[in-house]
Structures are given as C-alpha cells and as structure tokens.
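A.B. asks: Next comes entry.txt, compact mmCIF, C-alpha atoms:
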```
# COMPACT_ATOMS: atom_id res chain seq x y z
CA MET E 14 -66.96 30.94 7.33
CA LYS E 15 -69.41 29.34 4.90
CA VAL E 16 -68.84 30.21 1.24
CA LEU E 17 -70.96 29.17 -1.73
CA TRP E 18 -69.19 29.06 -5.09
CA LEU E 19 -71.23 29.40 -8.27
CA CYS E 20 -69.14 27.76 -11.01
CA ASN E 21 -69.61 27.72 -14.77
CA ILE E 22 -68.52 24.07 -15.10
CA VAL E 23 -68.50 20.92 -13.00
CA LEU E 24 -64.97 21.07 -11.57
CA PRO E 25 -62.74 18.10 -12.49
CA ASP E 26 -62.61 16.92 -8.86
CA PHE E 27 -66.35 16.25 -9.07
CA SER E 28 -66.59 14.73 -12.56
CA GLN E 29 -66.64 11.17 -11.20
CA GLU E 30 -69.59 12.04 -8.97
CA PHE E 31 -71.61 13.03 -12.05
CA GLY E 32 -70.24 10.38 -14.41
CA ILE E 33 -68.84 12.92 -16.86
CA LYS E 34 -65.46 13.51 -18.47
CA LYS E 35 -63.07 15.84 -16.68
CA ASN E 36 -63.21 19.34 -18.13
CA PRO E 37 -59.66 20.66 -18.76
CA ILE E 38 -60.72 24.33 -18.53
CA GLY E 39 -61.16 26.43 -15.40
CA GLY E 40 -57.89 25.41 -13.77
CA TRP E 41 -57.85 28.66 -11.76
CA MET E 42 -60.94 27.50 -9.83
CA THR E 43 -59.46 24.09 -9.08
CA GLY E 44 -56.17 25.68 -8.04
CA MET E 45 -57.89 28.02 -5.57
CA LEU E 46 -60.12 25.25 -4.23
CA HIS E 47 -57.14 23.01 -3.49
CA GLU E 48 -55.43 25.77 -1.54
CA LEU E 49 -58.52 26.76 0.46
CA GLU E 50 -59.20 23.11 1.29
CA LYS E 51 -56.04 23.19 3.42
CA ARG E 52 -57.66 25.66 5.82
CA GLU E 53 -60.10 24.88 8.60
CA ASP E 54 -61.61 28.37 8.80
CA VAL E 55 -63.50 28.21 5.49
CA ASP E 56 -66.17 25.75 4.36
CA ILE E 57 -66.82 25.83 0.61
CA SER E 58 -69.94 24.43 -0.99
CA LEU E 59 -70.33 24.53 -4.75
CA CYS E 60 -73.08 25.09 -7.29
CA PHE E 61 -72.65 23.53 -10.74
CA PRO E 62 -74.50 23.85 -14.07
CA ILE E 63 -75.87 20.54 -15.40
CA TYR E 64 -76.99 20.07 -19.00
CA ASP E 65 -78.44 16.55 -18.68
CA PRO E 66 -81.55 16.50 -16.44
CA ASN E 67 -80.78 12.88 -15.51
CA ARG E 68 -77.54 13.97 -13.84
CA LYS E 69 -79.06 16.79 -11.82
CA LYS E 70 -78.69 16.17 -8.09
CA ASP E 71 -77.48 17.71 -4.84
CA GLY E 72 -75.20 15.96 -2.39
CA GLU E 73 -71.81 15.83 -0.73
CA TYR E 74 -68.53 14.71 -2.29
CA ASN E 75 -64.82 15.23 -1.58
CA GLY E 76 -65.75 16.94 1.68
CA HIS E 77 -67.91 19.60 -0.04
CA LYS E 78 -71.65 19.98 -0.28
CA TYR E 79 -72.74 20.61 -3.86
CA TYR E 80 -75.87 21.84 -5.57
CA THR E 81 -76.84 21.81 -9.23
CA PHE E 82 -79.03 23.79 -11.56
CA LEU E 83 -80.20 22.92 -15.05
CA SER E 84 -78.44 25.10 -17.63
CA LYS E 85 -80.24 25.26 -20.96
CA ASP E 86 -78.37 27.93 -22.89
CA VAL E 87 -75.18 29.91 -22.18
CA GLU E 88 -76.50 33.14 -23.70
CA LYS E 89 -80.21 33.10 -22.79
CA TYR E 90 -81.37 34.46 -19.47
CA ASP E 91 -84.03 32.41 -17.69
CA ASN E 92 -86.02 33.95 -14.83
CA GLU E 93 -86.77 30.47 -13.50
CA MET E 94 -83.14 30.24 -12.39
CA ILE E 95 -83.77 32.97 -9.81
CA ASN E 96 -86.18 30.68 -7.94
CA VAL E 97 -83.73 27.79 -8.20
CA PHE E 98 -80.92 29.88 -6.72
CA GLN E 99 -83.18 31.28 -3.99
CA LYS E 100 -83.85 27.72 -2.82
CA ILE E 101 -80.13 26.84 -2.97
CA LEU E 102 -79.29 29.94 -0.93
CA GLU E 103 -81.95 29.05 1.62
CA VAL E 104 -80.58 25.52 2.07
CA SER E 105 -76.87 26.38 1.97
CA ASN E 106 -77.20 29.59 4.03
CA PRO E 107 -73.73 30.93 3.07
CA ASP E 108 -71.92 33.86 4.66
CA ILE E 109 -70.36 34.74 1.28
CA ILE E 110 -71.40 33.97 -2.31
CA HIS E 111 -68.50 33.81 -4.77
CA ILE E 112 -69.56 33.79 -8.44
CA TRP E 113 -66.93 32.71 -10.96
CA GLY E 114 -67.39 34.68 -14.18
CA THR E 115 -69.40 37.73 -15.18
CA GLU E 116 -70.23 36.41 -18.64
CA TYR E 117 -73.02 33.92 -17.91
CA PRO E 118 -76.79 34.45 -17.60
CA HIS E 119 -76.74 32.38 -14.41
CA THR E 120 -74.52 35.08 -12.88
CA ARG E 121 -77.29 37.62 -13.35
CA ALA E 122 -79.88 35.16 -11.99
CA MET E 123 -77.81 34.47 -8.85
CA LEU E 124 -77.32 38.20 -8.30
CA MET E 125 -81.09 38.70 -8.58
CA ALA E 126 -81.63 35.89 -6.07
CA CYS E 127 -79.11 37.47 -3.69
CA LYS E 128 -80.76 40.86 -4.12
CA SER E 129 -84.18 39.42 -3.27
CA ARG E 130 -82.71 37.91 -0.08
CA GLY E 131 -80.94 41.16 0.84
CA ILE E 132 -77.43 39.66 0.63
CA LEU E 133 -76.09 41.36 -2.50
CA ASP E 134 -73.43 43.09 -0.41
CA LYS E 135 -72.16 39.63 0.65
CA THR E 136 -71.69 38.58 -2.96
CA VAL E 137 -68.51 38.86 -5.03
CA VAL E 138 -68.02 38.13 -8.72
CA ASN E 139 -64.70 36.95 -10.13
CA VAL E 140 -63.93 38.43 -13.56
CA GLN E 141 -62.71 35.76 -15.99
CA GLY E 142 -63.34 37.05 -19.50
CA LEU E 143 -65.72 39.82 -20.55
CA ALA E 144 -68.19 38.74 -23.21
CA PHE E 145 -69.32 42.23 -24.19
CA ILE E 146 -65.72 43.11 -25.06
CA CYS E 147 -65.11 39.80 -26.85
CA ALA E 148 -68.11 40.52 -29.08
CA THR E 149 -66.48 43.69 -30.42
CA HIS E 150 -63.35 41.77 -31.50
CA TYR E 151 -64.91 38.51 -32.63
CA LEU E 152 -64.98 39.20 -36.38
CA SER E 153 -61.57 40.84 -36.69
CA GLY E 154 -59.69 39.48 -39.68
CA ILE E 155 -62.58 37.22 -40.74
CA PRO E 156 -63.58 37.65 -44.44
CA GLU E 157 -67.25 38.57 -44.86
CA ASP E 158 -67.99 35.39 -46.84
CA TYR E 159 -66.92 33.28 -43.87
CA GLN E 160 -68.72 35.39 -41.27
CA THR E 161 -72.16 34.28 -42.45
CA LEU E 162 -71.20 30.88 -43.89
CA LYS E 163 -73.49 28.27 -42.32
CA ILE E 164 -72.45 24.65 -41.86
CA GLU E 165 -75.17 22.17 -40.92
CA GLY E 166 -75.06 21.41 -37.21
CA HIS E 167 -72.98 24.50 -36.37
CA THR E 168 -73.60 28.19 -35.75
CA SER E 169 -72.00 30.60 -38.20
CA ILE E 170 -69.17 32.85 -37.03
CA LYS E 171 -71.55 35.82 -37.12
CA GLU E 172 -74.14 33.92 -35.07
CA LYS E 173 -71.45 33.06 -32.53
CA GLN E 174 -70.50 36.72 -32.33
CA GLU E 175 -74.17 37.57 -31.74
CA GLU E 176 -74.23 35.02 -28.90
CA PHE E 177 -71.38 36.90 -27.27
CA GLU E 178 -73.32 40.13 -27.75
CA GLN E 179 -76.36 38.55 -26.07
CA GLN E 180 -74.22 37.30 -23.19
CA GLY E 181 -72.79 40.79 -22.98
CA ILE E 182 -76.23 42.32 -22.42
CA HIS E 183 -76.76 40.17 -19.31
CA GLU E 184 -73.15 40.70 -18.27
CA ILE E 185 -73.51 44.49 -18.31
CA GLU E 186 -76.70 44.23 -16.24
CA SER E 187 -74.79 42.03 -13.77
CA LEU E 188 -71.90 44.50 -13.61
CA LYS E 189 -74.34 47.31 -12.81
CA MET E 190 -75.72 45.30 -9.87
CA ILE E 191 -72.43 44.04 -8.44
CA LYS E 192 -71.15 45.49 -5.17
CA HIS E 193 -67.85 43.54 -5.13
CA VAL E 194 -65.59 42.29 -7.92
CA ILE E 195 -62.42 40.22 -7.84
CA GLY E 196 -60.06 40.94 -10.73
CA ARG E 197 -56.37 40.76 -11.55
CA THR E 198 -55.42 43.14 -14.37
CA ASP E 199 -55.59 46.83 -15.24
CA TRP E 200 -57.80 45.86 -18.17
CA ASP E 201 -60.53 44.06 -16.25
CA GLN E 202 -60.58 46.80 -13.61
CA ALA E 203 -60.91 49.49 -16.30
CA CYS E 204 -63.74 47.64 -18.05
CA VAL E 205 -65.67 46.94 -14.85
CA LYS E 206 -65.25 50.50 -13.53
CA ALA E 207 -66.44 51.90 -16.88
CA ILE E 208 -69.76 50.10 -16.32
CA ASN E 209 -70.01 50.54 -12.54
CA PRO E 210 -67.79 53.25 -11.03
CA GLN E 211 -69.10 52.46 -7.51
CA VAL E 212 -68.04 48.81 -7.48
CA GLN E 213 -65.49 47.73 -4.85
CA TYR E 214 -62.67 46.17 -6.86
CA HIS E 215 -60.50 43.59 -5.07
CA VAL E 216 -57.23 42.33 -6.55
CA CYS E 217 -56.58 38.60 -6.31
CA ASN E 218 -54.39 36.74 -8.77
CA GLU E 219 -54.98 33.24 -10.04
CA ILE E 220 -53.64 29.87 -8.91
CA LEU E 221 -52.66 27.31 -11.54
CA ARG E 222 -53.24 23.58 -11.43
CA ASP E 223 -50.92 21.75 -9.04
CA ILE E 224 -48.92 20.01 -11.74
CA PHE E 225 -47.56 23.27 -13.13
CA TYR E 226 -45.92 24.09 -9.81
CA GLU E 227 -44.43 20.58 -9.74
CA TYR E 228 -42.67 21.28 -13.05
CA LYS E 229 -41.70 24.88 -12.28
CA GLY E 230 -38.69 25.98 -14.36
CA ARG E 231 -38.25 22.58 -16.04
CA TRP E 232 -38.05 23.88 -19.64
CA LYS E 233 -34.56 23.56 -21.11
CA PHE E 234 -33.33 24.83 -24.47
CA GLU E 235 -31.11 21.76 -24.85
CA THR E 236 -34.04 19.31 -24.59
CA CYS E 237 -36.86 21.19 -26.34
CA GLN E 238 -37.83 20.32 -29.91
CA LYS E 239 -36.29 23.08 -32.00
CA TYR E 240 -38.63 25.15 -34.21
CA ASN E 241 -41.66 23.70 -32.38
CA ILE E 242 -44.43 26.28 -31.75
CA PHE E 243 -47.06 25.37 -29.16
CA VAL E 244 -50.56 26.91 -29.15
CA SER E 245 -52.93 26.08 -26.29
CA GLN E 246 -56.23 26.88 -28.01
CA ALA E 247 -57.41 27.79 -31.50
CA SER E 248 -60.99 26.58 -31.91
CA TYR E 249 -62.71 29.97 -32.08
CA THR E 250 -61.82 33.29 -33.63
CA ILE E 251 -60.89 35.20 -30.47
CA LYS E 252 -57.75 33.06 -30.13
CA GLY E 253 -56.39 34.61 -33.34
CA PHE E 254 -55.16 31.42 -35.01
CA HIS E 255 -55.93 32.86 -38.46
CA TYR E 256 -53.43 35.65 -37.78
CA LEU E 257 -50.78 33.19 -36.59
CA LEU E 258 -51.14 31.21 -39.85
CA LYS E 259 -50.34 34.37 -41.82
CA ALA E 260 -47.08 34.72 -39.92
CA LEU E 261 -45.90 31.19 -40.62
CA PRO E 262 -44.77 31.50 -44.30
CA ILE E 263 -42.36 34.25 -43.23
CA VAL E 264 -40.98 32.02 -40.46
CA ILE E 265 -40.75 28.96 -42.69
CA ARG E 266 -38.65 30.82 -45.27
CA GLN E 267 -35.92 31.07 -42.65
CA PHE E 268 -36.73 27.95 -40.63
CA PRO E 269 -38.30 25.31 -42.92
CA GLU E 270 -38.46 22.76 -40.09
CA THR E 271 -41.07 24.89 -38.26
CA HIS E 272 -44.06 22.96 -36.93
CA VAL E 273 -47.10 24.13 -34.95
CA TYR E 274 -48.77 21.92 -32.33
CA VAL E 275 -52.26 22.94 -31.23
CA ALA E 276 -54.07 21.67 -28.13
CA GLY E 277 -57.78 21.04 -28.61
CA ARG E 278 -60.08 19.45 -31.15
CA ASP E 279 -59.02 18.92 -34.73
CA MET E 280 -60.59 21.92 -36.46
CA LEU E 281 -60.04 20.31 -39.86
CA ASN E 282 -61.91 17.09 -39.07
CA SER E 283 -64.39 16.75 -41.92
CA GLU E 284 -67.09 15.35 -39.63
CA GLN E 285 -66.85 18.20 -37.12
CA ILE E 286 -65.66 21.16 -39.21
CA ASP E 287 -67.41 24.50 -38.77
CA SER E 288 -67.11 27.72 -40.78
CA TYR E 289 -64.07 28.89 -38.81
CA GLY E 290 -62.46 25.50 -39.45
CA LEU E 291 -63.14 25.97 -43.17
CA LEU E 292 -61.40 29.34 -43.05
CA ILE E 293 -58.40 27.77 -41.31
CA LYS E 294 -58.34 24.96 -43.86
CA SER E 295 -58.49 27.50 -46.71
CA LEU E 296 -55.63 29.52 -45.22
CA ILE E 297 -53.50 26.40 -44.76
CA GLU E 298 -53.98 25.57 -48.45
CA GLU E 299 -53.49 29.15 -49.63
CA LEU E 300 -50.30 29.62 -47.58
CA ASN E 301 -48.88 26.17 -48.42
CA LEU E 302 -48.91 25.07 -44.79
CA GLU E 303 -50.00 21.48 -45.35
CA GLY E 304 -48.12 19.22 -42.95
CA VAL E 305 -47.07 22.15 -40.74
CA ILE E 306 -50.01 22.07 -38.29
CA SER E 307 -50.86 19.22 -35.88
CA PHE E 308 -53.96 19.19 -33.68
CA LEU E 309 -53.45 17.24 -30.46
CA GLY E 310 -56.99 16.86 -29.11
CA LYS E 311 -58.04 17.66 -25.54
CA LEU E 312 -55.09 17.40 -23.16
CA ASP E 313 -55.10 16.97 -19.40
CA GLY E 314 -52.69 18.87 -17.15
CA LYS E 315 -49.83 16.37 -17.46
CA GLN E 316 -50.17 16.24 -21.25
CA MET E 317 -50.19 20.04 -21.41
CA VAL E 318 -46.97 20.17 -19.38
CA GLU E 319 -45.37 17.70 -21.80
CA GLN E 320 -46.28 19.83 -24.80
CA TYR E 321 -45.08 23.06 -23.20
CA LEU E 322 -41.72 21.46 -22.35
CA LYS E 323 -41.27 20.20 -25.91
CA ALA E 324 -41.93 23.65 -27.39
CA ASN E 325 -39.23 26.01 -28.62
CA VAL E 326 -41.74 28.83 -28.14
CA PHE E 327 -45.28 29.27 -26.84
CA VAL E 328 -47.51 31.70 -28.77
CA SER E 329 -50.68 33.38 -27.51
CA ALA E 330 -52.17 35.11 -30.56
CA SER E 331 -55.51 36.17 -29.01
CA MET E 332 -57.41 39.16 -30.36
CA ILE E 333 -58.58 39.90 -26.80
CA GLU E 334 -57.70 38.28 -23.50
CA ASN E 335 -57.81 39.15 -19.83
CA GLU E 336 -54.84 37.46 -18.23
CA SER E 337 -54.02 34.38 -20.29
CA ASN E 338 -53.98 31.34 -18.03
CA SER E 339 -52.05 29.46 -20.70
CA LEU E 340 -49.41 32.19 -20.78
CA SER E 341 -48.97 31.84 -17.01
CA GLU E 342 -48.63 28.07 -17.43
CA ALA E 343 -45.95 28.51 -20.08
CA LYS E 344 -44.07 31.07 -18.01
CA ILE E 345 -43.95 29.06 -14.78
CA LEU E 346 -42.44 26.17 -16.75
CA GLY E 347 -39.93 28.59 -18.27
CA VAL E 348 -41.09 28.30 -21.89
CA PRO E 349 -40.06 31.32 -24.05
CA SER E 350 -43.32 33.06 -24.90
CA ILE E 351 -44.72 35.51 -27.41
CA ALA E 352 -48.11 37.09 -26.76
CA SER E 353 -50.36 39.60 -28.45
CA TYR E 354 -50.54 42.95 -26.66
CA VAL E 355 -54.22 42.81 -25.72
CA GLY E 356 -56.40 43.20 -22.64
CA GLY E 357 -54.66 42.23 -19.43
CA VAL E 358 -51.77 40.37 -21.05
CA CYS E 359 -49.56 43.46 -20.82
CA ASN E 360 -49.63 43.04 -17.02
CA ARG E 361 -47.90 39.67 -17.38
CA VAL E 362 -45.09 40.23 -19.92
CA GLU E 363 -42.28 42.76 -19.99
CA SER E 364 -41.48 42.70 -23.68
CA GLY E 365 -37.84 41.97 -24.40
CA LYS E 366 -37.15 40.74 -20.86
CA ASP E 367 -39.38 37.71 -20.26
CA GLY E 368 -41.02 37.38 -23.68
CA PHE E 369 -42.23 39.44 -26.60
CA LEU E 370 -45.46 41.41 -27.04
CA TYR E 371 -46.84 42.41 -30.44
CA PRO E 372 -50.08 43.90 -31.88
CA TYR E 373 -52.41 40.96 -32.55
CA ASP E 374 -53.13 41.99 -36.16
CA GLU E 375 -49.47 42.33 -37.17
CA PRO E 376 -48.42 38.85 -38.35
CA ALA E 377 -45.15 40.15 -39.81
CA LEU E 378 -44.04 41.30 -36.37
CA LEU E 379 -45.14 38.01 -34.83
CA ALA E 380 -43.06 36.19 -37.45
CA TYR E 381 -40.08 38.45 -36.69
CA TYR E 382 -40.25 37.61 -32.99
CA ILE E 383 -40.66 33.88 -33.59
CA CYS E 384 -37.53 33.97 -35.75
CA LYS E 385 -35.64 35.85 -33.03
CA VAL E 386 -36.52 33.14 -30.54
CA PHE E 387 -35.53 30.38 -32.99
CA GLU E 388 -32.20 32.10 -33.66
CA ASN E 389 -31.52 32.23 -29.91
CA LYS E 390 -28.82 34.84 -30.33
CA ASP E 391 -27.05 35.71 -27.08
CA LYS E 392 -29.01 32.88 -25.46
CA LEU E 393 -32.31 34.77 -25.75
CA CYS E 394 -34.34 31.63 -24.93
CA GLU E 395 -32.45 31.02 -21.72
CA LYS E 396 -32.87 34.68 -20.74
CA PHE E 397 -36.63 34.61 -21.37
CA SER E 398 -36.94 31.29 -19.53
CA PHE E 399 -35.17 32.51 -16.39
CA HIS E 400 -37.03 35.81 -16.16
CA SER E 401 -40.39 34.17 -16.99
CA VAL E 402 -40.30 31.90 -13.95
CA GLU E 403 -39.04 34.71 -11.74
CA SER E 404 -41.66 37.25 -12.88
CA ILE E 405 -44.74 35.03 -12.98
CA MET E 406 -44.28 33.75 -9.44
CA ARG E 407 -45.03 37.28 -8.23
CA TYR E 408 -48.56 36.71 -9.50
CA ILE E 409 -49.38 33.02 -9.09
CA ASN E 410 -48.06 32.19 -5.62
CA PRO E 411 -50.66 29.78 -4.18
CA LYS E 412 -50.23 30.67 -0.51
CA ILE E 413 -50.29 34.41 -1.11
CA ASN E 414 -53.29 34.27 -3.45
CA SER E 415 -55.40 31.95 -1.28
CA ALA E 416 -54.67 34.16 1.74
CA LYS E 417 -55.67 37.20 -0.32
CA ASN E 418 -58.90 35.51 -1.35
CA LEU E 419 -59.76 34.82 2.29
CA GLU E 420 -58.89 38.40 3.18
CA ILE E 421 -61.39 39.59 0.55
CA TYR E 422 -64.08 37.32 2.02
CA ARG E 423 -63.44 38.78 5.48
CA LYS E 424 -63.59 42.36 4.17
CA ILE E 425 -66.96 41.62 2.56
CA LEU E 426 -68.26 40.06 5.79
```
Would it be possible to restate this file's structure as structure tokens?
C.D. replies:
Amino acid sequence: MKVLWLCNIVLPDFSQEFGIKKNPIGGWMTGMLHELEKREDVDISLCFPIYDPNRKKDGEYNGHKYYTFLSKDVEKYDNEMINVFQKILEVSNPDIIHIWGTEYPHTRAMLMACKSRGILDKTVVNVQGLAFICATHYLSGIPEDYQTLKIEGHTSIKEKQEEFEQQGIHEIESLKMIKHVIGRTDWDQACVKAINPQVQYHVCNEILRDIFYEYKGRWKFETCQKYNIFVSQASYTIKGFHYLLKALPIVIRQFPETHVYVAGRDMLNSEQIDSYGLLIKSLIEELNLEGVISFLGKLDGKQMVEQYLKANVFVSASMIENESNSLSEAKILGVPSIASYVGGVCNRVESGKDGFLYPYDEPALLAYYICKVFENKDKLCEKFSFHSVESIMRYINPKINSAKNLEIYRKIL
C-alpha cells in the first residue's frame, strides 16, 4: 500500500537532509512514522512545506521518497499550490493520501488537487487543532490595550487572532470537502460533525516520541524538585500562561519556594519581545513574581523528559486544546498533572483520580489544586502518578494505534 503524507513541518528525521534545525513539535507524526516503518505492507512517502526556495527539492532519504512545496504564508490560500500538488500526486501515485492537520491552507489545496484527480474518497485528514475554534478563544483574558499593541517586527495579538480566523475560513471549506477524518476526542468529532455531518469519522489515538516510552513511569516524588511547576509552552495566548500567573501569588503565600519552568523561547527577551510578552512581563511585575519564572528555550525530547521528571506538578493552562500532547507526555512519565477543562482534554483526565481538571479562567481553583498537589496529603502525588501511567497507556499504545491507522487506510481503500 502506497501512502502519501502531507505534513505541516519537515519531520525531525529529515532535518539533516534539508540542512535545518530539528523541529521539536509534531511528535505524534514522528511517533506514527516510526511504528509504520516496522511494517512491510505500507510504503510512506512524505510531502513537506519549505520556506527557503534554495532548500526546495524532491528525493529519497531514510528509506522514504519525499516531495516539497514552497509555503509562503500559513494563513493565505494560494491556488498555485493546487497545480504543485497535482504534479506530486501524479509522480507519487499513492493509494491513500493522509493529510496531517485541518488548519493549513495547503490542506485545502491538496484536497482540491485530489478532487480534480477524482481521489477525494481516498484522502483522509488528521485533526490536530482547529483554527476556527482557536480564533474564538484567542483574546480571552487579554486587556484591550494589549490586544492592539503593535511592536515593531511582530504582529499584534489582535492581528494574530485574525490570522487564526483567516486560517479558519480555509479550514471550514476543507472540512466541508472532506470524506474521511481521523480524530481522537469527543471534542474534535463534535466540531467536525457540526461542519460536515456526512464525514466518516475514524478514531485513532496518537503515538508519542520513542523516548517517552523509554522513561515510562520514571517520575518519583522522592526525587522530584519540590514546588517545581513545569509548563511545556507559553509563547502565545491560547496556552493560557497569563491565567497561570494570576494563580501563582495564591500558591506562593503557602509555598514561597514555588518556581515555574517554561519550555520554549524567553518571552521576556528584550530583543524578541512581542505584545503578549509585554503583557506577561507586566503581570510578573504587578504580581511580584520576579525571580519565580524561568524560560528554558527550545528543548529536544530528552531535555523535555528531564524537565518533566524534575517537576512536582505539570500544568496545562490552555484556553482551548484538542488532546494535549504535552499532557500525554507528562502522564506516561507519571508526573502529577493539572489541566484546564477544555476541548478534548476531558477525554484524558479523570479529575481527582489521575490529575485535576479546572475551568481555564478560574486561577483561584488552579492555585487550590496546585497547593493540594504540593501538600501531597495521603500521598496524592503517588496516587496521581500511578493512575496517570495506567490510564494514558489505554490511548497511546504504539502497536495498537499503528495497527488502527493501517486499518483505517484499508477501510478507505
């Protein structure tokens, strides 16, 4: 079976081929690829977006044929891409086309190319996030002055929200065209079915990066850094970092040693700061949180594992989320976790048994739950850790999920 994947990034396994840095995001694609590579009955070729024309090329690497297309803008639809994809489809001649992500204009262009070739019914789109839903939440909790604040070299928060809206327009058109969708939560199924009731929805859960399975259940209360909060991403509003900051003064009153470690770029770096970074900086000053927050920069898989294992608690404060990949990473390691009750997250946490869920815009409740974890009464951390590993493996089993993915391909054929 020949399958063509349309990806939204150059996967890390191929970064050397293009002379670019490994992208730490999209681990679910890499995880699935590694599992399917073990099988002889599926041949996967890949199509990658390239932003530098000098790096655009087609070839073969790591046992996979690959194709590239020039991506100019993540929210602008370009009809020229249809012709590019038609040529790629002609050369690759796949039995199945698997598109990763509904939220990109190139998704719509590939669907148009498939439609023109009469193979739309052999095409499946994997839901990652949903841009049109993100747009409705993007400004939550952001003061009006900061929404339109413009920093040279950066888009304003409002402009970024409008980009999501623009992506959402193309996304909705794609959802209306789609015959087959792969999803994994009640939320993404509900959203997709609301747009296209006729779509065939296939359930297939994600696979994490290999290293997280290697360290399954390794978190220990005895060896973690007490009162350490780990956050996997905070660089844009959807991740809800501004709400987490409002919870911290309440926590610090009871646990003054509290410290927050954040993966990703330093939002407070004066040379790179954008309007959201300025809001975060203002909140840190207003809430007397200087010295409480540390930004760790981009982390690879091993470095992420190290930070999870150090943490006393992992917090996902997102204002909207499908299934949080970071939450699954924390849970398989056994890290006690607190997550906002949004989107598909409620399919992954049973509050009070393997973590806590709270409304994203209720920082007092978030603070209350963080304190409960820090107190560790009746060995709460150990309880959450044990049940987290046990419960998440029902969803992220590599053999089961790769077999399910192949089963979906066969159904579509």
A.B. asks: Give me the residues near E:Lys85 as a list of chain:residue names, where near means some atom within 9 Å (using only C-alpha atoms) and where sequence neighbours in that chain fewer than 5 positions away do not count.
C.D. replies: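 Residues meeting the cut-off are E:Ile63, E:Tyr64, E:Asp91.
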A.B. asks: With a distance cut-off of 12 Å and all atoms listed in the file, select the neighbouring residues of E:Val273, excluding the residue or stretch itself and same-chain residues fewer than 4 positions from it, and output the selection as a VMD selection string.
C.D. replies: chain E and resid 238 to 247 254 257 to 258 260 to 261 264 to 265 269 297 302 to 309 320 to 321 323 to 328 383
A.B. asks: Write out as JSON, numbers by chain the residues lying within 12 Å of E:Ile109, counting all atoms listed in the file and excluding same-chain residues fewer than 2 positions away.
C.D. replies: {"E": [14, 15, 16, 17, 18, 19, 55, 56, 57, 58, 59, 102, 105, 106, 107, 111, 112, 127, 132, 133, 134, 135, 136, 137, 138, 193, 418, 419, 421, 422, 423, 424, 425, 426]}
A.B. asks: One decimal, in Å: what's the spacing between atom CA of E:Pro376 and atom CA of E:Ser153?
C.D. replies: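 Interatomic distance here is 13.4 Å.
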A.B. asks: Which polymer residues have any atom within 12 Å of an atom of E:Gln202, counting all atoms listed in the file, with same-chain residues fewer than 5 positions away left out, as a list in words?
C.D. replies: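 What passes the distance filter is Asn139, Val140, Gln141, Gly142, Leu143, Leu188, His193, Val194, Ile195, Gly196, Arg197, Ala207, Ile208, Asn209, Pro210, Gln211, Val212, Gln213, Tyr214, His215, Val216, Cys217, Asn335, Glu336, Gly356 and Gly357 of chain E.
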A.B. asks: What does the structure give for the distance between atom CA of E:Pro37 and atom CA of E:Ser295, in Å to one decimal?
C.D. replies: 28.8 Å
A.B. asks: Could you check which of E:Cys359, E:Val104, E:Val23, E:Leu379 is closest to E:Trp200, using all atoms listed in the file?
C.D. replies: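 Using all atoms listed in the file, E:Trp200 sits closest to E:Cys359.
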A.B. asks: Taking 3 positions as the minimum chain separation for residues in the same chain, which residues sit within 12 Å of E:Lys366 when counting only C-alpha atoms? Answer as a PyMOL selection string.
C.D. replies: chain E and resi 349-351+361-363+369-370+393-404
A.B. asks: Between E:Phe387, E:Tyr354, E:Tyr159, E:Tyr228, which is the closest to E:Asp287 once you count all atoms listed in the file?
C.D. replies: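 Of E:Phe387, E:Tyr354, E:Tyr159, E:Tyr228, the one nearest E:Asp287, counting all atoms listed in the file, is E:Tyr159.
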A.B. asks: Out of E:Glu219, E:Tyr381, E:Thr236, E:Glu388, which residue has the shortest atom-to-atom distance to E:Met406 when counting all atoms listed in the file?
C.D. replies: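 Closest candidate: E:Glu219.
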A.B. asks: Provide the atom CA of E:Leu322 to atom CA of E:Lys233 distance in Å, to one decimal place.
C.D. replies: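 Going from atom CA of E:Leu322 over to atom CA of E:Lys233 covers 7.6 Å.
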A.B. asks: For E:Lys417, which residue among E:Asn75, E:Asn21, E:Thr161, E:Asn218 is the nearest when counting all atoms listed in the file?
C.D. replies: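 Distance minimum relative to E:Lys417 lands on E:Asn218.
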A.B. asks: Kindly indicate which residue among E:Ile251, E:Lys163, E:Asp201, E:Tyr80 lies nearest to E:Lys100, using all atoms listed in the file for the distances.
C.D. replies: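 So, comparing all the options, the nearest one is E:Tyr80.
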A.B. asks: So, counting all atoms listed in the file, which residue among E:Leu296, E:Ile146, E:Ile110, E:Ala203 is closest to E:Phe177?
C.D. replies: E:Ile146
A.B. asks: Neighbourhood query: residues within 9 Å of (-74.1, 42.1, -19.6), file coordinates, counting only C-alpha atoms; return as an MDAnalysis selection string.
C.D. replies: chainID E and resid 115:118 121 143:145 178:189
